[in-house]
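**Student:** Okay, handing you the structure first.
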Amino acid sequence: MFHNASLRVPAHSSLVAKPDGGCDSVAKETLHLTAILPVLFCFAFEGGAEGTVAEVTREVYLMGTRCTLTTFAPDRQAGLQQIETHLRILEETEQELSTWKDESALSRLNRQPLGTPFQAGTTLCRLFQDLVFWQQGTGATFDPALGSLVTVWGLREGGRYPPARELEDARKRSGLRYFRFEPSTCEIVREREATLDCGAFGKGEALDRIRDYSIRHGSGAWLADLGGQIMVYGIPPNAAFWPVHLAHPNVRDRSVLTLRLDSGSLSTSAGSERDLLVGGRRVGHILDPRTGFPAPFQGSVTVWHESGLVADILSTALYVMGPKEGLRWAESHNAAALFLSSGDENGNVTIRASRAFSKRFAYLAAPR
């Protein structure tokens with residue numbers, strides 16, 4: 001059974017929701033920009049306690065993206081140590097989940113002979129339970145077992161349009177339903193040549209592991225930006241929130257909205273983020289597990305949740321659903337979701353937010 005309570009969020013000041021459950025407004029593209037956005041999120045610190053707290057920032061390339069880590073600590077050395085800990089957690093998560101690494105747990109599971117149980121470790125066992133839960137709860141608009149479809153569309157090699165027979169064959173080898181999972185023993189059995197890909201959950205899982213470590217061991221305030229997904233822990237000195245700028249869905253160097261983030265994670269899935277062009281035709285990188293084709297929506301979806309994993313999964317699932325179905329799902333499950341769409345020659349952006357999102361954030365267009 002799908003539990004709505006897992007998506008419940010605290011209420012803050014909000015936009016007034018439309019009677020149909022969403023919030024609509026339009027933001028002009030011709031705005032005075034407060035920031036240039038090389039990624040979907042951009043952090044701009046406003047304020048701080050000079051001389052009392054050290055702010056340390058480091059950029060690295062991990063998990064297939066540029067990662068920016070910012071932390072506040074009593075002194076620079078403590079800040080550097082905290083960032084090194086975060087990097088270690090990111091690297092360990094990548095070593096476990098990346099299918100680019102032959103010896104990762106996920107890669108070994110993908111190679112496991114059919115019908116032979118794979119013994120998952122504690123973290124993968126727990127994660128797999130979450131993946132099954134959300135695959136079922138989203139009506140399979142999220143499904144991590146799409147490795148065959150990723151391959152047939154050439155999403156790792158520049159993109160291609162597959163022949164119909166190849167696509168149908170890949171569809172028959174895709175889907176979490178072809179993995180038999182026994183939670184009590186943590187055994188996973190592949191029943192068909194389906195393979196897992198961490199693209200729709202790996203970043204969120206990594207962010208949750210950093211957060212969980214911080215909760216267990218204590219930590220100064222920090223922000224982690226993994227390129228399209230951000231998580232914060234604590235609040236910067238002399239501030240009430242972290243300002244996060246969201247990009248125009250089709251023009252990524254334009255800021256459209258600024259959100260005041262005080263906890264949790266924001267994950268954005270966007271059609272322009274990694275889409276490919278093949279012979280002048282668009283090949284979207286976000287695939288619809290139900291059809292085997294790229295999802296047709298070309299805007300962006302941003303989801304807030306205290307859990308990075310849930311935010312990561314739901315931004316993908318709602319993108320696949322599209323604005324109409326996605327907002328309906330978000331309303332019925334109390335999910336905090338924001339859809340941005342650009343559909344006219346003037347660059348106007350249509351903004352639609354679920355009730356939970358409009359309660360969580362009072363969002364503003366970038367100042368003129």
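Numbering starts fresh at 1 for the residues of each chain in the structure tokens, the chains themselves are lettered A, B, ... in the order given, and ligands are numbered from 1 as they appear.
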Set the distance at 12 Å and use only C-alpha atoms: which residues neighbour A:Thr123 once local chain neighbours fewer than 6 positions away are removed? I'd like the list as number ranges by chain.
**Tutor:** A: 92-93, 96-97, 105-106, 129-130, 183, 186, 205-206, 208-209
**Student:** Using the chain letters and numbers from this document, which residues of stretch 163-250 of chain A does DSSP assign to strand (DSSP E or B), as number ranges by chain?
**Tutor:** A: 179-182, 187-190, 222-225, 229-233, 242-247
**Student:** Which residues come within 12 Å of stretch 136-138 of chain A, counting only C-alpha atoms, excluding same-chain residues fewer than 5 positions away, as a short mmCIF file (atom, residue, chain, number, x, y, z; two decimals) with N, CA and C atoms, in the first residue's frame?
**Tutor:**
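Heads up, here's the output in around35.cif:
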data_model
loop_
_atom_site.label_atom_id
_atom_site.label_comp_id
_atom_site.auth_asym_id
_atom_site.auth_seq_id
_atom_site.Cartn_x
_atom_site.Cartn_y
_atom_site.Cartn_z
N MET A 1 0.85 -1.19 0.00
CA MET A 1 0.00 0.00 0.00
C MET A 1 0.88 1.24 0.00
N PHE A 2 0.45 2.28 -0.70
CA PHE A 2 1.22 3.51 -0.75
C PHE A 2 0.79 4.41 0.39
N HIS A 3 1.75 4.92 1.14
CA HIS A 3 1.43 5.69 2.34
C HIS A 3 1.63 7.18 2.07
N ASN A 4 0.54 7.96 2.05
CA ASN A 4 0.63 9.40 1.83
C ASN A 4 1.45 10.08 2.90
N SER A 6 4.16 9.55 4.15
CA SER A 6 5.59 9.64 3.90
C SER A 6 5.97 10.92 3.18
N LEU A 7 4.97 11.64 2.64
CA LEU A 7 5.25 12.87 1.90
C LEU A 7 4.80 14.11 2.66
N GLN A 129 14.71 -1.86 -1.08
CA GLN A 129 13.34 -1.80 -0.57
C GLN A 129 12.69 -0.48 -0.94
N ASP A 130 13.46 0.63 -0.81
CA ASP A 130 12.93 1.94 -1.18
C ASP A 130 12.63 2.02 -2.67
N LEU A 131 13.50 1.46 -3.49
CA LEU A 131 13.29 1.49 -4.94
C LEU A 131 12.02 0.75 -5.33
N ASP A 143 11.32 3.92 -12.49
CA ASP A 143 11.76 2.52 -12.53
C ASP A 143 13.26 2.53 -12.78
N PRO A 144 14.06 2.05 -11.83
CA PRO A 144 15.51 2.12 -11.99
C PRO A 144 16.10 1.04 -12.89
N GLY A 175 12.70 -3.21 -16.46
CA GLY A 175 11.66 -3.17 -15.44
C GLY A 175 12.07 -3.87 -14.15
N LEU A 176 11.75 -3.22 -13.04
CA LEU A 176 12.09 -3.77 -11.73
C LEU A 176 11.31 -5.05 -11.44
N ARG A 177 10.24 -5.26 -12.19
CA ARG A 177 9.44 -6.49 -12.00
C ARG A 177 10.25 -7.75 -12.31
N ASP A 288 10.50 7.26 -20.28
CA ASP A 288 9.24 6.82 -19.68
C ASP A 288 9.26 5.30 -19.61
N PRO A 289 9.34 4.72 -18.41
CA PRO A 289 9.41 3.26 -18.30
C PRO A 289 8.19 2.56 -18.88
N ARG A 290 7.07 3.26 -18.96
CA ARG A 290 5.83 2.63 -19.42
C ARG A 290 5.81 2.44 -20.94
N VAL A 310 14.08 10.60 -1.90
CA VAL A 310 12.69 10.78 -2.31
C VAL A 310 12.57 11.93 -3.30
N ILE A 313 13.93 10.75 -6.73
CA ILE A 313 13.01 9.82 -7.39
C ILE A 313 11.77 10.54 -7.90
N LEU A 314 11.18 11.39 -7.07
CA LEU A 314 9.91 12.02 -7.45
C LEU A 314 10.08 13.06 -8.55
N SER A 315 11.21 13.76 -8.59
CA SER A 315 11.38 14.73 -9.68
C SER A 315 11.41 13.99 -11.02
N THR A 316 12.01 12.81 -11.05
CA THR A 316 12.01 12.00 -12.27
C THR A 316 10.61 11.48 -12.58
N ALA A 317 9.95 10.91 -11.59
CA ALA A 317 8.62 10.33 -11.81
C ALA A 317 7.62 11.38 -12.28
N LEU A 318 7.63 12.55 -11.65
CA LEU A 318 6.68 13.59 -12.02
C LEU A 318 7.00 14.19 -13.38
N TYR A 319 8.28 14.25 -13.74
CA TYR A 319 8.65 14.69 -15.07
C TYR A 319 8.07 13.74 -16.11
N VAL A 320 8.19 12.45 -15.86
CA VAL A 320 7.63 11.45 -16.78
C VAL A 320 6.12 11.61 -16.88
N MET A 321 5.46 11.86 -15.76
CA MET A 321 4.01 12.04 -15.78
C MET A 321 3.60 13.27 -16.58
N GLU A 325 -0.84 15.16 -15.22
CA GLU A 325 -0.86 13.95 -14.38
C GLU A 325 0.02 14.13 -13.15
N GLY A 326 1.16 14.81 -13.33
CA GLY A 326 2.10 14.98 -12.22
C GLY A 326 1.52 15.81 -11.09
N ARG A 328 -1.64 16.24 -10.45
CA ARG A 328 -2.72 15.45 -9.84
C ARG A 328 -2.14 14.44 -8.85
N TRP A 329 -1.04 13.77 -9.24
CA TRP A 329 -0.40 12.82 -8.33
C TRP A 329 0.15 13.54 -7.11
N ALA A 330 0.81 14.69 -7.33
CA ALA A 330 1.40 15.43 -6.21
C ALA A 330 0.33 15.86 -5.21
N SER A 332 -2.58 14.44 -4.63
CA SER A 332 -3.17 13.29 -3.94
C SER A 332 -2.20 12.65 -2.95
N HIS A 333 -0.89 12.97 -3.08
CA HIS A 333 0.11 12.39 -2.18
C HIS A 333 0.84 13.45 -1.34
N ALA A 335 2.71 15.88 -2.11
CA ALA A 335 4.09 16.07 -2.54
C ALA A 335 4.33 17.53 -2.91
#
**Student:** Would you mind writing down, as an MDAnalysis selection string, each residue of stretch 13-213 of chain A that DSSP on the backbone assigns to helix (DSSP H, G or I)?
**Tutor:** chainID A and resid 76:97 105:111 122:137 147:152 164:172 176:178 198:200 202:213
**Student:** Quick one: everything within 12 Å of A:Ala170, counting only C-alpha atoms, minus sequence neighbours fewer than 2 positions away in the same chain. Send it as a list in words.
**Tutor:**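 These residues fall inside the cut-off: Ala145, Leu146, Gly147, Ser148, Leu149, Val150, Thr151, Val152, Trp153, Gly154, Pro162, Pro163, Ala164, Arg165, Glu166, Leu167, Glu168, Lys172, Arg173, Ser174, Gly175, Arg192, Glu193, Ala194, Thr195, Pro289, Thr291, Gly292 and Phe293 of chain A.
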**Student:** Those same residues - C-alpha atoms - I'd like them written as a PDB file, in the first residue's frame.
**Tutor:**
ATOM      1  CA  ALA A 145      15.812  -1.060 -14.090  1.00  0.00           C
ATOM      2  CA  LEU A 146      16.045   0.688 -17.462  1.00  0.00           C
ATOM      3  CA  GLY A 147      19.617  -0.191 -18.364  1.00  0.00           C
ATOM      4  CA  SER A 148      18.565  -1.887 -21.609  1.00  0.00           C
ATOM      5  CA  LEU A 149      16.583   1.170 -22.698  1.00  0.00           C
ATOM      6  CA  VAL A 150      19.421   3.533 -21.793  1.00  0.00           C
ATOM      7  CA  THR A 151      21.675   1.431 -24.018  1.00  0.00           C
ATOM      8  CA  VAL A 152      19.307   1.132 -26.971  1.00  0.00           C
ATOM      9  CA  TRP A 153      18.742   4.903 -27.039  1.00  0.00           C
ATOM     10  CA  GLY A 154      22.507   5.448 -26.841  1.00  0.00           C
ATOM     11  CA  PRO A 162      16.667   2.757 -32.323  1.00  0.00           C
ATOM     12  CA  PRO A 163      14.844   0.580 -34.856  1.00  0.00           C
ATOM     13  CA  ALA A 164      11.442  -0.566 -33.619  1.00  0.00           C
ATOM     14  CA  ARG A 165      12.547  -4.180 -33.186  1.00  0.00           C
ATOM     15  CA  GLU A 166      15.559  -3.185 -31.050  1.00  0.00           C
ATOM     16  CA  LEU A 167      13.396  -0.921 -28.918  1.00  0.00           C
ATOM     17  CA  GLU A 168      10.810  -3.630 -28.336  1.00  0.00           C
ATOM     18  CA  LYS A 172      11.193  -6.732 -22.783  1.00  0.00           C
ATOM     19  CA  ARG A 173      14.435  -6.602 -20.788  1.00  0.00           C
ATOM     20  CA  SER A 174      13.529  -3.558 -18.683  1.00  0.00           C
ATOM     21  CA  GLY A 175      11.664  -3.174 -15.436  1.00  0.00           C
ATOM     22  CA  ARG A 192      15.414 -11.610 -16.997  1.00  0.00           C
ATOM     23  CA  GLU A 193      18.345  -9.714 -18.553  1.00  0.00           C
ATOM     24  CA  ALA A 194      17.241  -6.449 -16.944  1.00  0.00           C
ATOM     25  CA  THR A 195      19.867  -4.091 -15.521  1.00  0.00           C
ATOM     26  CA  PRO A 289       9.409   3.260 -18.300  1.00  0.00           C
ATOM     27  CA  THR A 291       6.488   3.256 -23.123  1.00  0.00           C
ATOM     28  CA  GLY A 292      10.242   2.887 -23.523  1.00  0.00           C
ATOM     29  CA  PHE A 293      10.390   6.293 -25.224  1.00  0.00           C
TER      30      PHE A 293
END
**Student:** Rounded to one decimal, what separation in Å do you get between atom CA of A:Phe72 and atom CA of A:Ala221?
**Tutor:**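 Between atom CA of A:Phe72 and atom CA of A:Ala221 the gap is 5.4 Å.
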**Student:** Take atom CA of A:Leu62 and atom CA of A:Ile286 and report the distance between them in Å, one decimal.
**Tutor:**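 Straight-line distance from atom CA of A:Leu62 to atom CA of A:Ile286 works out to 20.3 Å.
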**Student:** Rank nothing, just name the residue among A:Leu261, A:Ala140, A:Leu309, A:Ala353 nearest to A:Phe241, using only C-alpha atoms.
**Tutor:**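 Of A:Leu261, A:Ala140, A:Leu309, A:Ala353, the one nearest A:Phe241 is A:Leu261, counting only C-alpha atoms.
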**Student:** Name the closest residue to A:Pro237 among the candidates A:Gly271, A:Gly347, A:Pro74, A:Gly64; distances are taken between atoms, counting only C-alpha atoms.
**Tutor:**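 Once distances to A:Pro237 are computed over only C-alpha atoms, the minimum belongs to A:Pro74.
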**Student:** May I ask for the distance between atom CA of A:Thr268 and atom CA of A:Ala311, given in Å to one decimal place?
**Tutor:**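 Going from atom CA of A:Thr268 over to atom CA of A:Ala311 covers 8.5 Å.
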**Student:** From the options A:Arg171, A:Gly220, A:Ser358, A:Phe118, which residue's atoms come nearest to A:Ile83, counting only C-alpha atoms?
**Tutor:**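 Among A:Arg171, A:Gly220, A:Ser358, A:Phe118, it is A:Gly220 that comes nearest to A:Ile83.
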**Student:** Leaving out A:Ala336 and any residue of its chain fewer than 2 positions from it, which residues lie within 7 Å of it when counting only C-alpha atoms, given as a PyMOL selection string?
**Tutor:** chain A and resi 303-304+330+334+354+356-357
**Student:** Skipping near chain neighbours, those fewer than 3 positions away, what residues fall within 8 Å of A:Ile230 using only C-alpha atoms, listed as a ChimeraX atom specification?
**Tutor:** /A:41,223-227,265-267
**Student:** Export C-alpha atoms of the chosen residues as a short mmCIF file (atom, residue, chain, number, x, y, z; two decimals), in the first residue's frame?
**Tutor:**
data_model
loop_
_atom_site.label_atom_id
_atom_site.label_comp_id
_atom_site.auth_asym_id
_atom_site.auth_seq_id
_atom_site.Cartn_x
_atom_site.Cartn_y
_atom_site.Cartn_z
CA PHE A 41 20.79 25.38 -8.77
CA LEU A 223 25.14 22.87 1.46
CA ALA A 224 25.85 20.18 -1.14
CA ASP A 225 25.05 20.84 -4.81
CA LEU A 226 25.31 17.77 -7.05
CA GLY A 227 24.26 19.43 -10.28
CA SER A 265 16.62 18.65 -0.57
CA LEU A 266 15.50 20.17 -3.86
CA SER A 267 15.82 18.02 -6.96
#
**Student:** For A:Ser98, please output as a list in words all residues within 9 Å (counting only C-alpha atoms; exclusion window: fewer than 6 positions along the same chain).
**Tutor:**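 Answer for this query is Met63, Ser104, Ala105, Leu106, Ser107, Asp197, Cys198, Gly199 and Gly202 of chain A.
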